[in-house]
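K.L.:
Can you read through this structure? Questions will come right after.
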Amino acid sequence: RGGVAIAPSLLAADFARLEQEIRAIEKAGATLLHLDIMDGHFVPNLSFGVPVVEAIRRTTDLLLDVHLMLDNPANYVEPFRKAGADVLTVHAEVLDDPRPVLDQIRALGAAAGLSLNPPLAVERIEPFLEACDLILVMSVMPGFGGQSFQPVALEKLAWLRDHSDCHAVLEVDGGVNAQTIGPCAAAGAEWLVAGTAVFGADDYGPRLADLSQSAQA
Ligand code: DX5
Ligand code: ZN
């Protein structure tokens, strides 16, 4: 823990120019890249899968933060780890007991993340805090970029920040922009996912710098 980092979400990049987009985000000073994997079941959208993550891994040394929006994450953690994921985050909504898959992620040598959507009470993940290296608090219903930030995420972040059993990195995802990033950081978020707020800019360097500054203000 310590400090804040902007995690650009590649979902908002130009997929026809992925390599140039990744170079540009590296040059802009990003240290990690958030990759949204969607299965058309857990979320009503599709994105990209293992071969694309593998291709991204060959293109960059950025830390790859892979967000699995999947009904059956246990079937996919190994292929995504082999493709080069550094962090693998699964959703609490689809797992009665997330511990086996979190343990599996750690056994594969990656950091284990657990995510919760806006409707899921944060107390529901309390029994699993020790198994988490990262907790991803969703501030929108996942599936699409460009949605409005839901403030319920702030209460959850503060609850996790103040919980003595929580040693995980706290991450927030959805609707993070220059207005919402400050409250997120103040509530304890350390990794701030931003899709449209980053890739919607003409120049990513100044935008990342502005977002970092807003997070620290
Ligand atoms: C939403 C994804 C997000 C998305 C965020 O389903 O999990 O990572 O890319 O996009 P913005 O920052 O535009 O809300
Ligand atoms: Zn995401």
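Ligands are numbered from 1 in the order shown, residues from 1 within each chain, and chains are lettered A, B, ... in the order they appear in the structure tokens.
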What's the 9 Å shell around range 44-53 of chain A, counting only C-alpha atoms, without same-chain residues fewer than 5 positions away, as a ChimeraX atom specification?
P.N.:
/A:11,35-39,58,64,66,76,79-80,82-85,142-144
K.L.:
For the residues in the current selection, export C-alpha atoms as a short mmCIF file (atom, residue, chain, number, x, y, z; two decimals), in the first residue's frame.
P.N.:
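Okay, this is what ended up in part-v8.cif:
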```cif
data_model
loop_
_atom_site.label_atom_id
_atom_site.label_comp_id
_atom_site.auth_asym_id
_atom_site.auth_seq_id
_atom_site.Cartn_x
_atom_site.Cartn_y
_atom_site.Cartn_z
CA LEU A 11 -11.39 -0.75 -23.10
CA LEU A 35 -7.66 -5.03 -18.96
CA ASP A 36 -11.42 -5.71 -18.96
CA ILE A 37 -12.41 -9.26 -19.87
CA MET A 38 -16.15 -9.75 -20.52
CA ASP A 39 -18.03 -12.94 -21.27
CA ARG A 58 4.64 -9.23 -25.73
CA LEU A 64 -1.18 -6.03 -16.34
CA VAL A 66 -6.77 -8.17 -15.49
CA TYR A 76 -9.79 -18.93 -16.92
CA PRO A 79 -4.84 -19.27 -19.18
CA PHE A 80 -4.79 -15.56 -18.32
CA LYS A 82 0.03 -17.91 -18.69
CA ALA A 83 -0.80 -15.05 -21.06
CA GLY A 84 0.99 -12.67 -18.69
CA ALA A 85 -1.51 -11.25 -16.20
CA PRO A 142 -19.69 -3.41 -15.19
CA GLY A 143 -20.00 -4.02 -18.91
CA PHE A 144 -19.46 -0.63 -20.48
#
```
K.L.:
Residues within 6 Å of ligand 1, counting only C-alpha atoms and all ligand atoms: report them as JSON, numbers by chain.
P.N.:
{"A": [9, 11, 36, 142, 143, 144, 145, 146, 147, 173, 174, 175, 176, 194, 195, 196, 197]}
K.L.:
For CA of Arg99 in chain A and CA of Asp165 in chain A, quote the distance in Å rounded to one decimal.
P.N.:
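Distance between the two atoms: 15.2 Å.
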K.L.:
From the options A:Thr180, A:Val122, A:Ile25, A:Ala92, which residue's atoms come nearest to Glu155 in chain A, counting only C-alpha atoms?
P.N.:
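The shortest atom-to-atom distance to Glu155 in chain A comes from A:Val122.
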K.L.:
Considering only strand (DSSP E or B) as DSSP defines it on the backbone, what residues of range 16-162 of chain A qualify? List them as a count of residues only.
P.N.:
32
K.L.:
Using only C-alpha atoms for the distances, tell me which of A:Glu21, A:Asp14, A:Glu123, A:Glu171 is nearest to Thr89 in chain A.
P.N.:
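Among the listed residues, A:Glu171 lies closest to Thr89 in chain A.
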K.L.:
Any idea what's packed within 7 Å of Ala168 in chain A, counting only C-alpha atoms, ignoring anything in its chain fewer than 4 positions away? Could you give it as a CSV table (one decimal) with C-alpha atoms, in the first residue's frame?
P.N.:
```
chain,number,residue,atom,x,y,z
A,132,CYS,CA,-7.2,-10.8,-1.2
A,133,ASP,CA,-4.1,-8.9,-2.4
A,134,LEU,CA,-6.5,-6.4,-4.1
A,135,ILE,CA,-10.1,-5.4,-3.7
```
K.L.:
Identify which of the residues A:Ser139, A:Ser214, A:Gln20, A:Asn75 lies closest to ligand 2, counting only C-alpha atoms and all ligand atoms when measuring atom-to-atom distances.
P.N.:
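The closest residue to ligand 2 is A:Ser139.
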K.L.:
Name the closest residue to ligand 2 among the candidates A:Asp86, A:Asp65, A:Asp103, A:Asp202; distances are taken between atoms, counting only C-alpha atoms and all ligand atoms.
P.N.:
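Comparing A:Asp86, A:Asp65, A:Asp103, A:Asp202 against ligand 2, the winner is A:Asp65.
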